[in-house]
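**Student:** File structure03.txt follows (compact mmCIF, C-alpha atoms):
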```txt
# COMPACT_ATOMS: atom_id res chain seq x y z
CA MET A 1 -32.16 33.56 -5.37
CA ALA A 2 -29.72 30.74 -4.73
CA THR A 3 -29.39 29.68 -1.10
CA ALA A 4 -26.74 27.51 0.45
CA THR A 5 -29.12 24.50 0.43
CA SER A 6 -30.25 24.99 -3.15
CA VAL A 7 -26.66 25.22 -4.33
CA ILE A 8 -25.96 21.75 -2.94
CA GLU A 9 -29.13 20.20 -4.40
CA ASP A 10 -28.54 21.72 -7.83
CA ASP A 11 -24.82 21.11 -7.96
CA PRO A 12 -23.81 17.44 -8.20
CA ILE A 13 -20.19 18.24 -7.35
CA GLU A 14 -21.25 19.81 -4.02
CA MET A 15 -23.72 16.99 -3.43
CA LEU A 16 -20.95 14.41 -3.79
CA TYR A 17 -18.81 16.35 -1.32
CA GLU A 18 -21.74 16.27 1.11
CA ARG A 19 -22.05 12.51 0.65
CA GLY A 20 -18.41 12.11 1.75
CA VAL A 21 -17.28 10.14 -1.30
CA THR A 22 -14.43 12.36 -2.49
CA ASP A 23 -10.73 12.39 -1.71
CA GLY A 24 -10.88 16.11 -0.96
CA PHE A 25 -10.73 17.14 -4.63
CA PRO A 26 -13.94 17.56 -6.67
CA VAL A 27 -15.03 14.41 -8.46
CA VAL A 28 -16.68 13.95 -11.85
CA PRO A 29 -20.38 13.23 -11.17
CA PRO A 30 -20.97 9.56 -12.04
CA THR A 31 -24.12 9.85 -14.14
CA ARG A 32 -25.57 6.71 -15.67
CA ALA A 33 -24.45 7.80 -19.11
CA ARG A 34 -20.85 8.35 -17.96
CA VAL A 35 -20.78 5.02 -16.14
CA ASP A 36 -22.15 3.21 -19.20
CA ARG A 37 -19.41 4.77 -21.32
CA MET A 38 -16.80 3.68 -18.77
CA LEU A 39 -18.13 0.11 -18.81
CA ALA A 40 -17.82 0.13 -22.60
CA GLY A 41 -14.07 0.51 -22.08
CA ALA A 42 -14.00 -3.17 -21.02
CA PRO A 43 -17.03 -4.73 -22.74
CA TRP A 44 -15.82 -8.27 -22.04
CA ARG A 45 -16.66 -7.75 -18.33
CA GLN A 46 -20.22 -7.97 -16.96
CA ARG A 47 -21.25 -5.02 -14.85
CA ASP A 48 -22.45 -7.14 -11.93
CA GLU A 49 -19.34 -9.34 -11.87
CA LEU A 50 -17.73 -9.43 -8.42
CA ILE A 51 -13.98 -8.75 -8.63
CA GLY A 52 -13.44 -9.29 -4.92
CA ILE A 53 -14.22 -8.24 -1.38
CA LEU A 54 -12.26 -5.21 -0.20
CA GLY A 55 -11.36 -4.44 3.39
CA PRO A 56 -11.51 -2.83 5.86
CA CYS A 57 -15.31 -2.74 5.60
CA LEU A 58 -15.59 -5.79 3.34
CA GLY A 59 -17.17 -3.93 0.46
CA LYS A 60 -18.17 -5.66 -2.76
CA ALA A 61 -15.97 -4.51 -5.63
CA THR A 62 -18.19 -5.18 -8.63
CA VAL A 63 -17.22 -4.08 -12.14
CA GLU A 64 -20.01 -1.47 -12.03
CA LYS A 65 -18.95 -0.01 -8.66
CA VAL A 66 -15.38 0.24 -9.92
CA ALA A 67 -16.64 1.99 -13.08
CA ILE A 68 -18.52 4.53 -10.95
CA ASN A 69 -15.35 5.36 -9.02
CA ALA A 70 -13.29 5.45 -12.22
CA VAL A 71 -15.69 8.05 -13.63
CA MET A 72 -15.39 10.09 -10.45
CA ALA A 73 -11.60 9.94 -10.69
CA GLY A 74 -11.70 11.41 -14.18
CA CYS A 75 -10.65 8.29 -16.08
CA LYS A 76 -11.34 7.80 -19.76
CA PRO A 77 -13.00 4.51 -20.75
CA GLU A 78 -9.74 3.34 -22.37
CA TYR A 79 -8.11 3.46 -18.91
CA PHE A 80 -10.77 1.17 -17.40
CA PRO A 81 -8.96 -2.15 -18.09
CA VAL A 82 -5.98 -0.82 -16.11
CA VAL A 83 -8.22 0.24 -13.23
CA LEU A 84 -9.89 -3.20 -13.22
CA ALA A 85 -6.52 -4.97 -13.05
CA GLY A 86 -5.50 -2.58 -10.27
CA VAL A 87 -8.61 -3.46 -8.26
CA GLU A 88 -7.87 -7.16 -8.79
CA GLY A 89 -4.54 -6.38 -7.18
CA LEU A 90 -6.19 -4.53 -4.29
CA CYS A 91 -8.41 -7.57 -3.68
CA ASP A 92 -5.37 -9.90 -3.79
CA LEU A 93 -4.88 -10.88 -0.15
CA ARG A 94 -1.12 -11.12 -0.59
CA LEU A 95 -0.99 -7.32 -0.98
CA CYS A 96 -2.76 -6.86 2.39
CA ALA A 97 -4.56 -3.76 1.07
CA HIS A 98 -6.83 -3.98 4.12
CA GLY A 99 -3.93 -3.40 6.49
CA LEU A 100 -2.30 -0.86 4.19
CA SER A 101 -5.46 1.26 4.10
CA ILE A 102 -5.89 1.50 7.88
CA THR A 103 -2.31 1.57 9.07
CA LEU A 104 -0.93 4.28 11.35
CA MET A 105 1.97 4.46 8.90
CA SER A 106 1.99 6.63 5.79
CA GLY A 107 0.81 3.83 3.53
CA ALA A 108 -0.54 3.76 -0.01
CA PRO A 109 -0.37 1.19 -2.80
CA LEU A 110 2.04 2.22 -5.55
CA ALA A 111 0.86 1.06 -8.98
CA ILE A 112 3.70 0.23 -11.40
CA ILE A 113 2.58 -0.15 -15.02
CA ASN A 114 4.46 -2.13 -17.68
CA GLY A 115 3.77 -3.21 -21.24
CA PRO A 116 2.11 -1.84 -24.39
CA VAL A 117 -0.83 -0.30 -22.50
CA ARG A 118 1.42 2.56 -21.47
CA ARG A 119 1.76 3.93 -25.00
CA LYS A 120 -1.80 2.94 -25.91
CA ILE A 121 -3.35 5.25 -23.31
CA GLY A 122 -0.61 7.87 -23.09
CA LEU A 123 0.88 7.13 -19.67
CA ASN A 124 3.80 9.45 -18.94
CA CYS A 125 7.06 7.65 -18.20
CA GLY A 126 9.49 10.50 -18.78
CA HIS A 127 10.06 13.85 -17.07
CA ASN A 128 7.82 14.24 -14.01
CA ALA A 129 7.16 10.48 -14.02
CA LEU A 130 6.06 10.54 -10.37
CA GLY A 131 4.49 13.96 -10.58
CA HIS A 132 1.44 15.76 -11.83
CA GLY A 133 0.14 16.82 -15.20
CA PHE A 134 -0.90 13.69 -17.11
CA ARG A 135 -4.48 12.43 -17.11
CA PRO A 136 -3.89 8.65 -17.20
CA ASN A 137 -1.22 8.78 -14.48
CA ALA A 138 -3.32 11.04 -12.25
CA THR A 139 -6.73 9.44 -12.71
CA ILE A 140 -5.85 5.74 -12.69
CA GLY A 141 -4.02 6.18 -9.39
CA ARG A 142 -6.89 8.28 -8.10
CA ALA A 143 -9.46 5.65 -9.09
CA LEU A 144 -7.67 3.08 -6.93
CA ARG A 145 -7.83 5.48 -3.95
CA LEU A 146 -11.54 6.22 -4.47
CA VAL A 147 -12.21 2.47 -4.69
CA THR A 148 -10.30 1.97 -1.42
CA MET A 149 -12.39 4.69 0.24
CA ASN A 150 -15.82 4.11 -1.23
CA ILE A 151 -15.88 0.36 -1.74
CA GLY A 152 -13.38 -0.67 0.93
CA GLY A 153 -14.63 1.89 3.42
CA ALA A 154 -11.21 3.29 4.36
CA LYS A 155 -12.02 6.90 5.23
CA PRO A 156 -9.63 9.25 7.07
CA HIS A 157 -10.65 9.92 10.67
CA GLY A 158 -12.97 6.96 10.35
CA VAL A 159 -11.43 3.50 10.23
CA THR A 160 -8.31 5.10 8.74
CA LYS A 161 -6.19 7.02 11.23
CA ALA A 162 -2.75 7.24 9.64
CA THR A 163 -0.60 9.48 11.80
CA MET A 164 0.85 11.51 8.94
CA GLY A 165 -0.48 10.18 5.64
CA HIS A 166 1.31 11.24 2.45
CA PRO A 167 0.42 12.93 -0.83
CA GLY A 168 0.64 9.61 -2.72
CA GLN A 169 -2.67 8.75 -1.09
CA TYR A 170 -4.31 10.95 -3.74
CA SER A 171 -2.67 9.04 -6.60
CA PHE A 172 0.51 6.98 -6.64
CA LEU A 173 1.49 5.50 -9.98
CA VAL A 174 4.63 5.11 -12.06
CA ALA A 175 4.91 3.74 -15.58
CA GLU A 176 8.27 2.19 -16.49
CA ASP A 177 10.02 3.79 -19.46
CA GLU A 178 10.85 0.52 -21.15
CA GLU A 179 11.89 2.27 -24.39
CA ALA A 180 14.49 4.54 -22.74
CA SER A 181 15.69 1.89 -20.31
CA PRO A 182 18.83 -0.20 -20.99
CA LEU A 183 17.64 -2.71 -18.35
CA VAL A 184 15.06 -5.50 -18.38
CA PRO A 185 11.55 -4.22 -17.51
CA LEU A 186 10.07 -5.11 -14.13
CA HIS A 187 7.22 -7.25 -15.47
CA MET A 188 9.60 -9.51 -17.37
CA GLU A 189 11.65 -10.01 -14.18
CA ARG A 190 8.38 -11.04 -12.51
CA GLY A 191 7.64 -13.71 -15.11
CA PHE A 192 5.53 -11.92 -17.72
CA LYS A 193 6.19 -11.61 -21.44
CA LYS A 194 7.44 -8.34 -22.92
CA GLU A 195 4.15 -7.90 -24.81
CA ASP A 196 2.02 -8.36 -21.67
CA SER A 197 0.55 -5.27 -20.02
CA VAL A 198 0.85 -5.60 -16.26
CA VAL A 199 0.07 -3.65 -13.10
CA THR A 200 2.25 -4.39 -10.09
CA LEU A 201 0.97 -3.09 -6.75
CA PHE A 202 3.46 -2.44 -3.96
CA GLY A 203 2.55 -1.58 -0.40
CA ALA A 204 4.47 1.68 -0.19
CA THR A 205 5.14 4.55 2.12
CA GLY A 206 6.51 7.93 0.97
CA MET A 207 9.37 8.61 -1.40
CA GLN A 208 12.82 10.18 -1.18
CA GLN A 209 14.90 11.75 -3.93
CA LEU A 210 18.37 10.26 -4.47
CA VAL A 211 20.98 12.58 -5.99
CA ASP A 212 24.31 11.58 -7.51
CA PHE A 213 25.97 13.87 -10.02
CA ALA A 214 29.47 12.58 -9.35
CA SER A 215 29.62 8.79 -9.79
CA ASN A 216 30.64 7.57 -13.22
CA SER A 217 30.75 3.86 -12.48
CA ALA A 218 28.01 1.41 -11.56
CA GLU A 219 29.74 0.43 -8.32
CA ARG A 220 30.22 4.02 -7.11
CA LEU A 221 26.72 5.03 -8.11
CA VAL A 222 24.96 2.06 -6.53
CA THR A 223 27.06 2.57 -3.38
CA THR A 224 25.87 6.18 -3.11
CA LEU A 225 22.27 5.24 -3.74
CA GLY A 226 22.48 2.38 -1.27
CA ARG A 227 24.08 4.42 1.49
CA THR A 228 21.40 7.08 1.15
CA ILE A 229 18.66 4.48 1.28
CA GLY A 230 20.35 2.57 4.07
CA GLY A 231 21.30 5.55 6.16
CA GLY A 232 18.21 7.61 6.27
CA LEU A 233 15.30 5.28 6.44
CA LEU A 234 14.52 3.39 9.59
CA SER A 235 11.23 1.77 10.28
CA TYR A 236 9.58 -0.20 13.02
CA LYS A 237 12.04 -0.79 15.81
CA ASP A 238 14.51 -3.04 14.08
CA TYR A 239 17.06 -2.64 11.36
CA PRO A 240 16.95 -3.80 8.61
CA LEU A 241 13.55 -2.53 7.71
CA MET A 242 10.84 -5.11 7.92
CA SER A 243 9.74 -3.61 4.63
CA ASP A 244 10.64 -4.04 0.98
CA THR A 245 11.93 -1.35 -1.36
CA VAL A 246 11.16 0.08 -4.79
CA LEU A 247 14.06 1.87 -6.46
CA VAL A 248 13.08 4.09 -9.39
CA LEU A 249 16.23 4.70 -11.42
CA GLY A 250 16.33 7.80 -13.56
CA PRO A 251 17.54 7.07 -17.11
CA GLU A 252 20.94 8.78 -16.61
CA HIS A 253 21.60 6.59 -13.59
CA ALA A 254 20.31 3.51 -15.43
CA ASN A 255 22.70 4.21 -18.31
CA THR A 256 25.68 4.55 -15.94
CA ILE A 257 24.77 1.17 -14.45
CA ALA A 258 24.25 -0.54 -17.83
CA ARG A 259 27.45 0.91 -19.32
CA ASP A 260 29.45 -1.20 -16.84
CA GLY A 261 27.48 -4.28 -17.87
CA TRP A 262 25.38 -4.44 -14.69
CA SER A 263 21.83 -5.76 -14.73
CA LYS A 264 19.00 -5.00 -12.29
CA ALA A 265 19.93 -8.27 -10.55
CA ASP A 266 23.51 -7.05 -10.16
CA VAL A 267 22.24 -3.85 -8.54
CA ARG A 268 20.06 -5.84 -6.12
CA ASN A 269 22.82 -8.25 -5.20
CA TYR A 270 25.31 -5.43 -4.63
CA LEU A 271 22.89 -3.53 -2.40
CA TYR A 272 22.13 -6.66 -0.39
CA GLU A 273 25.81 -7.51 0.14
CA ASN A 274 27.18 -4.06 0.80
CA ILE A 275 24.64 -1.86 2.54
CA THR A 276 24.95 -2.48 6.26
CA ARG A 277 25.04 -0.51 9.49
CA PRO A 278 26.82 -1.18 12.79
CA PRO A 279 24.30 -2.42 15.36
CA ASP A 280 24.64 0.58 17.68
CA GLU A 281 24.06 3.09 14.87
CA ALA A 282 21.12 1.19 13.50
CA GLY A 283 19.46 0.91 16.88
CA ALA A 284 19.07 -2.78 16.23
CA ARG A 285 18.64 -5.50 18.78
CA ALA A 286 21.27 -8.04 17.88
CA SER A 287 19.55 -10.70 19.88
CA GLY A 288 16.21 -10.09 18.23
CA ARG A 289 15.00 -10.30 14.69
CA ALA A 290 18.00 -8.41 13.31
CA ALA A 291 20.35 -11.27 14.22
CA LYS A 292 18.97 -13.16 11.23
CA TRP A 293 20.58 -10.60 8.91
CA MET A 294 23.94 -10.04 10.56
CA THR A 295 27.11 -10.19 8.50
CA PRO A 296 30.09 -12.28 9.70
CA ASP A 297 31.68 -9.14 11.17
CA GLY A 298 28.58 -8.18 13.19
CA ALA A 299 27.03 -5.47 11.03
CA ILE A 300 23.33 -5.56 10.18
CA ARG A 301 22.17 -5.73 6.58
CA LYS A 302 19.76 -3.08 5.35
CA PHE A 303 18.04 -5.47 2.93
CA ARG A 304 16.77 -8.88 4.04
CA SER A 305 17.50 -10.34 0.58
CA PRO A 306 18.02 -9.06 -3.01
CA ASP A 307 14.45 -10.14 -3.74
CA THR A 308 13.09 -7.47 -1.41
CA ILE A 309 14.10 -4.79 -3.94
CA MET A 310 12.13 -4.01 -7.11
CA ILE A 311 13.76 -1.73 -9.69
CA VAL A 312 11.90 0.42 -12.22
CA VAL A 313 13.42 2.82 -14.77
CA ALA A 314 11.45 6.04 -15.24
CA GLY A 315 11.89 9.77 -15.25
CA GLY A 316 13.43 12.43 -17.44
CA THR A 317 16.46 11.76 -19.61
CA ALA A 318 18.15 14.86 -18.17
CA GLY A 319 19.12 14.84 -14.50
CA ARG A 320 21.17 12.45 -12.39
CA PHE A 321 18.43 11.56 -9.96
CA SER A 322 16.66 8.45 -8.76
CA VAL A 323 13.99 7.89 -6.16
CA VAL A 324 13.57 5.34 -3.39
CA ILE A 325 10.08 4.34 -2.29
CA PRO A 326 10.28 2.33 0.92
CA GLY A 327 7.62 -0.21 1.64
CA TRP A 328 5.13 -0.78 4.39
CA VAL A 329 5.27 -3.85 6.65
CA SER A 330 6.40 -6.78 4.54
CA GLU A 331 5.55 -10.44 4.46
CA GLU A 332 8.35 -10.94 6.98
CA LEU A 333 5.78 -9.75 9.55
CA GLU A 334 2.76 -11.15 7.68
CA GLY A 335 2.23 -7.79 6.01
CA SER A 336 2.29 -6.97 2.32
CA SER A 337 3.87 -8.68 -0.69
CA PRO A 338 3.95 -7.02 -4.13
CA VAL A 339 1.36 -8.48 -6.52
CA SER A 340 1.33 -8.36 -10.33
CA HIS A 341 -1.84 -8.70 -12.39
CA LEU A 342 -2.26 -8.93 -16.14
CA ILE A 343 -4.11 -6.04 -17.74
CA ARG A 344 -6.53 -7.55 -20.21
CA LEU A 345 -7.05 -5.27 -23.18
CA GLU A 346 -9.66 -7.26 -25.10
CA MET B 1 -30.45 15.18 -11.11
CA ALA B 2 -29.57 13.39 -7.88
CA ASP B 3 -31.35 10.27 -9.15
CA ASP B 4 -29.05 10.09 -12.11
CA ILE B 5 -25.89 10.08 -9.96
CA MET B 6 -24.86 6.51 -9.24
CA ASP B 7 -23.70 5.39 -5.80
CA PRO B 8 -19.95 4.65 -5.62
CA THR B 9 -20.07 2.93 -2.24
CA GLY B 10 -19.81 -0.83 -1.90
CA PHE B 11 -20.16 -1.43 1.83
CA ASP B 12 -22.94 -1.07 4.34
CA SER B 13 -22.05 2.04 6.35
CA GLN B 14 -25.14 1.63 8.54
CA ALA B 15 -24.39 -1.89 9.69
CA GLN B 16 -24.26 -2.16 13.46
CA LYS B 17 -22.83 -4.87 15.65
CA ALA B 18 -24.17 -5.47 19.13
CA MET B 19 -21.77 -4.97 22.03
CA ALA B 20 -20.87 -8.08 23.97
CA PRO B 21 -22.47 -8.12 27.44
CA ARG B 22 -20.27 -6.39 30.06
CA LEU B 23 -18.93 -8.29 33.06
CA LYS B 24 -20.34 -7.13 36.42
CA ASP B 25 -17.00 -7.71 38.12
CA LEU B 26 -13.62 -9.33 37.37
CA ARG B 27 -13.12 -11.46 40.50
CA GLY B 28 -12.52 -15.13 39.61
CA LYS B 29 -12.73 -14.49 35.88
CA THR B 30 -10.47 -15.57 32.99
CA ILE B 31 -9.30 -12.60 30.92
CA GLY B 32 -7.65 -12.85 27.50
CA LEU B 33 -4.89 -10.39 26.55
CA LEU B 34 -4.12 -10.17 22.81
CA ASP B 35 -0.85 -8.44 21.94
CA ILE B 36 -1.44 -6.99 18.47
CA GLY B 37 2.26 -6.77 17.72
CA PHE B 38 3.35 -3.15 18.15
CA PRO B 39 6.67 -2.51 19.90
CA ASN B 40 6.62 -2.90 23.69
CA GLY B 41 3.08 -4.22 23.71
CA ASN B 42 4.25 -7.19 25.77
CA VAL B 43 5.77 -4.90 28.39
CA PHE B 44 2.50 -3.01 28.86
CA LEU B 45 0.36 -6.15 28.87
CA ASP B 46 2.65 -7.76 31.48
CA ARG B 47 1.69 -4.88 33.79
CA VAL B 48 -1.99 -5.15 32.84
CA GLU B 49 -1.86 -8.85 33.76
CA GLU B 50 -0.27 -8.04 37.10
CA VAL B 51 -2.88 -5.38 37.93
CA LEU B 52 -5.78 -7.59 36.87
CA LYS B 53 -4.61 -10.36 39.18
CA THR B 54 -3.46 -8.35 42.20
CA ARG B 55 -5.98 -5.52 42.22
CA TYR B 56 -9.07 -7.06 40.63
CA GLY B 57 -8.89 -10.71 41.62
CA VAL B 58 -8.79 -12.14 38.09
CA SER B 59 -8.01 -15.83 38.47
CA GLU B 60 -6.47 -16.57 35.07
CA VAL B 61 -5.01 -14.57 32.20
CA VAL B 62 -4.68 -16.08 28.73
CA ARG B 63 -1.91 -14.40 26.70
CA LYS B 64 -1.98 -14.51 22.90
CA ALA B 65 -0.16 -12.50 20.23
CA LYS B 66 -0.27 -11.58 16.55
CA PRO B 67 3.03 -11.47 14.64
CA SER B 68 2.32 -7.90 13.55
CA PRO B 69 -0.59 -5.44 13.46
CA ALA B 70 -0.87 -5.89 9.69
CA ARG B 71 -3.45 -8.70 9.58
CA PRO B 72 -6.26 -10.09 11.75
CA ALA B 73 -5.41 -12.72 14.36
CA LYS B 74 -5.37 -16.30 13.15
CA GLU B 75 -8.62 -18.20 13.63
CA GLU B 76 -7.19 -20.57 16.24
CA VAL B 77 -6.03 -17.59 18.31
CA ARG B 78 -9.45 -15.95 18.03
CA ARG B 79 -11.22 -19.15 19.04
CA ALA B 80 -8.93 -19.73 22.02
CA LEU B 81 -9.75 -16.25 23.30
CA ILE B 82 -13.47 -16.24 22.48
CA ASP B 83 -14.10 -19.77 23.77
CA GLY B 84 -11.73 -19.71 26.74
CA CYS B 85 -12.18 -16.25 28.27
CA ASP B 86 -14.86 -14.22 29.99
CA ALA B 87 -13.53 -10.98 28.46
CA ILE B 88 -10.70 -9.86 26.17
CA VAL B 89 -8.34 -6.90 26.12
CA GLU B 90 -6.70 -6.22 22.76
CA GLY B 91 -3.76 -3.84 22.25
CA VAL B 92 -1.50 -1.98 22.27
CA SER B 93 0.77 0.51 20.54
CA SER B 94 4.06 1.80 21.87
```
Could you write out this structure as C-alpha cells?
**Tutor:**
Amino acid sequence: MATATSVIEDDPIEMLYERGVTDGFPVVPPTRARVDRMLAGAPWRQRDELIGILGPCLGKATVEKVAINAVMAGCKPEYFPVVLAGVEGLCDLRLCAHGLSITLMSGAPLAIINGPVRRKIGLNCGHNALGHGFRPNATIGRALRLVTMNIGGAKPHGVTKATMGHPGQYSFLVAEDEEASPLVPLHMERGFKKEDSVVTLFGATGMQQLVDFASNSAERLVTTLGRTIGGGLLSYKDYPLMSDTVLVLGPEHANTIARDGWSKADVRNYLYENITRPPDEAGARASGRAAKWMTPDGAIRKFRSPDTIMIVVAGGTAGRFSVVIPGWVSEELEGSSPVSHLIRLE
Amino acid sequence: MADDIMDPTGFDSQAQKAMAPRLKDLRGKTIGLLDIGFPNGNVFLDRVEEVLKTRYGVSEVVRKAKPSPARPAKEEVRRALIDGCDAIVEGVSS
C-alpha cells in the first residue's frame, strides 16, 4: 500500500518539490538521459564550461547546470542555445540580475527575442504574445527563472523577499514580430544585423495594458500612450521614474505610427519631449534629482532621455492595444541596464 | 531513481559564515552607519547617530552611503567601514 513517504520516494516530481527546486509548478525530472539530450542542442559548448557566476548566492552557472534547469523548465533541446544566451545575459553585471532577483520591488528580467531563431523554434509573436499557450515562450522564460533560483540562489522567503512579486516571475518573454512590423526591429537598433538572433534582457517590473481605439494619427496615438504611461506609473520617490521603459506596440498601433512616416526613434523623441507632469502632481522634489529633468517652464519630464525607452512590436493583428512594461531601478541609480547577447545557433 | 535525477543547484546552500565578535559596550567606540539608499534612510540614521552618542557614549560615528540599494557598496566604502570602525549598522528602508 502506498504511504505518503513512499509516494515521494517513488515519484520524482514530488521528490523535486521536496528538494525546493521548483517555481511552484511541477518540473520535468532532469534525468541524465534528458540532460544529455538537452546538451546535444548546443554541441559546440562543453558541459563543464563556466558561463558566469550568478548572484545573490554566487552560484556557478555551468553549461551542464543550465541544461538541468532547462530540462526542468520543459525546454526542447533546440531551445537550449536561447537559454544559454539568456544566462549569459543574467551573468552580465550591467543587467544587475543579482539586485533584480532580491529586490523588494516586483522585479523580473524580461527576455526580448529577435532574429531568425524565433521562426526556427516556433516562438509566438502574434496574438497572446505576452501570454500563455506556447512551449518555447513559456519554457525559455521559465528556464531563466529556475536558473535564477537554483543556480543563483534567489528563493522567495529566503534571500528574496519581494513585497508583491508578479506573475512574470514564472516566465517573462516576448518575441518581436519582425515580419508583421512596419518598424525596425529592436536588435538592429541595438547594433546587430537583421540575420542575427539576439536575446535582450531588461530589468522589468509588471506590465500595464494601453488602450487606444480612437487615435488615427501617430501624434495623437503616441500622446495617448505617453499620457497613460506618464500618468499612472510612479516609482521610488522621485518623478521621473529612475527606471527605463519597454513599450510593446501592438501591430495596429505600429501601423498607425508608420503610416504617418514615424520611426521608433520618432516615437521615443516625442515621448521624451512631450510627456511631463507639474511638480506638485508628480510629487517630485524640484530641488532634488528631478531638477535635472525639468523643462524650461518648470514641469518634470517622465523620461530621462529617449534612450531610456525600448520599443518592440508584438501581439495580435486585431486589436488597438499596446503594453508598457516599466523597468526596475536603472543605471541612473547604479541599477540595471538592458543587455543584448547574440544567440549562437551553431 | 533518485540517483538518476541530476542536481540543478549551483551554490552551496550549507555554507556558513561566522558572526563577527559582539562589542561588550559602546562607550568610546567608533560606529559606522551605512545608508543603503532607500528613501529617508538619512533621516533615520541621523537619529540613530544622535542616540548612539547621547545615550550610549559612542565617541565617533562614520557615515557612509550607497547611491541606491541595487548594488553592493563600493570597495573603498567597505574598507573605510571595516578598517575604521568597531561595529557597523547598515540600513534602512523607508
**Student:** Using only C-alpha atoms, I'd like every residue of chain A that has an atom within 8 Å of chain B; please write them out as number ranges by chain.
**Tutor:** A: 9-10, 12, 21, 29-32, 57-61, 65-66, 68-69, 96, 98-100, 103, 150-153, 236-237, 329, 333-335
**Student:** Quick one: residues within 6 Å of stretch 51-62 of chain B, all atoms listed in the file, excluding same-chain residues fewer than 5 positions away - as a PyMOL selection string?
**Tutor:** chain B and resi 26-32
**Student:** Quick check, in Å to one decimal: how far apart do atom CA of A:Ser330 and atom CA of A:Arg142 lie?
**Tutor:**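 According to the coordinates, atom CA of A:Ser330 and atom CA of A:Arg142 are separated by 23.7 Å.
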**Student:** To one decimal place in Å, what is the distance between atom CA of A:Pro251 and atom CA of A:Ile311?
**Tutor:**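 Value for the atom CA of A:Pro251-atom CA of A:Ile311 distance: 12.1 Å.
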**Student:** Go ahead and compute the interatomic distance for atom CA of A:Val63 and atom CA of A:Gly86, in Å to one decimal.
**Tutor:**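 Atom CA of A:Gly86 lies at a distance of 12.0 Å from atom CA of A:Val63.
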**Student:** Between B:Met19, B:Leu34, B:Ala73, B:Val43, which residue has the minimum interatomic distance to B:Val89, considering all atoms listed in the file?
**Tutor:**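 For B:Val89, the nearest of the given residues is B:Leu34.
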**Student:** Within 12 Å of B:Gly41, counting only C-alpha atoms, which residues qualify if same-chain residues fewer than 5 places away don't, as a PyMOL selection string?
**Tutor:** chain B and resi 33-36+46-48+63-69+89-94
**Student:** Give me the residues within 7 Å of stretch 208-215 of chain A as a list in words, counting only C-alpha atoms and dropping any in the same chain fewer than 3 places off.
**Tutor:**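 Residues near the query, excluding close chain neighbours: Arg220, Leu221, Leu225, Arg320, Phe321, Ser322, Val323, Val324 and Ile325 of chain A.
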**Student:** Which is closer to A:Gly20 than all the others in A:Val267, A:Ala154, A:Lys302, A:Asp196, using all atoms listed in the file?
**Tutor:** A:Ala154
**Student:** So which residues are close to (-15.6, 0.8, -20.8), meaning at most 8 Å away in the file's coordinates with all atoms listed in the file counted, and can you show them as an MDAnalysis selection string?
**Tutor:** chainID A and resid 36:43 67 77:78 80:81
**Student:** Using all atoms listed in the file, which residues sit within 12 Å of A:Gly133 once same-chain residues fewer than 6 positions away are excluded, as a ChimeraX atom specification?
**Tutor:** /A:122-127,139,171
**Student:** Using all atoms listed in the file, pick whichever of A:Tyr170, A:Tyr270, A:Phe25, A:Phe192 has the shortest atom-to-atom distance to A:Ala218.
**Tutor:** A:Tyr270
**Student:** Restricting the calculation to only C-alpha atoms: of A:Val198, A:Met149, A:Leu247, A:Leu345, which residue gets closest to A:Leu271?
**Tutor:**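 Among the listed residues, A:Leu247 lies closest to A:Leu271.
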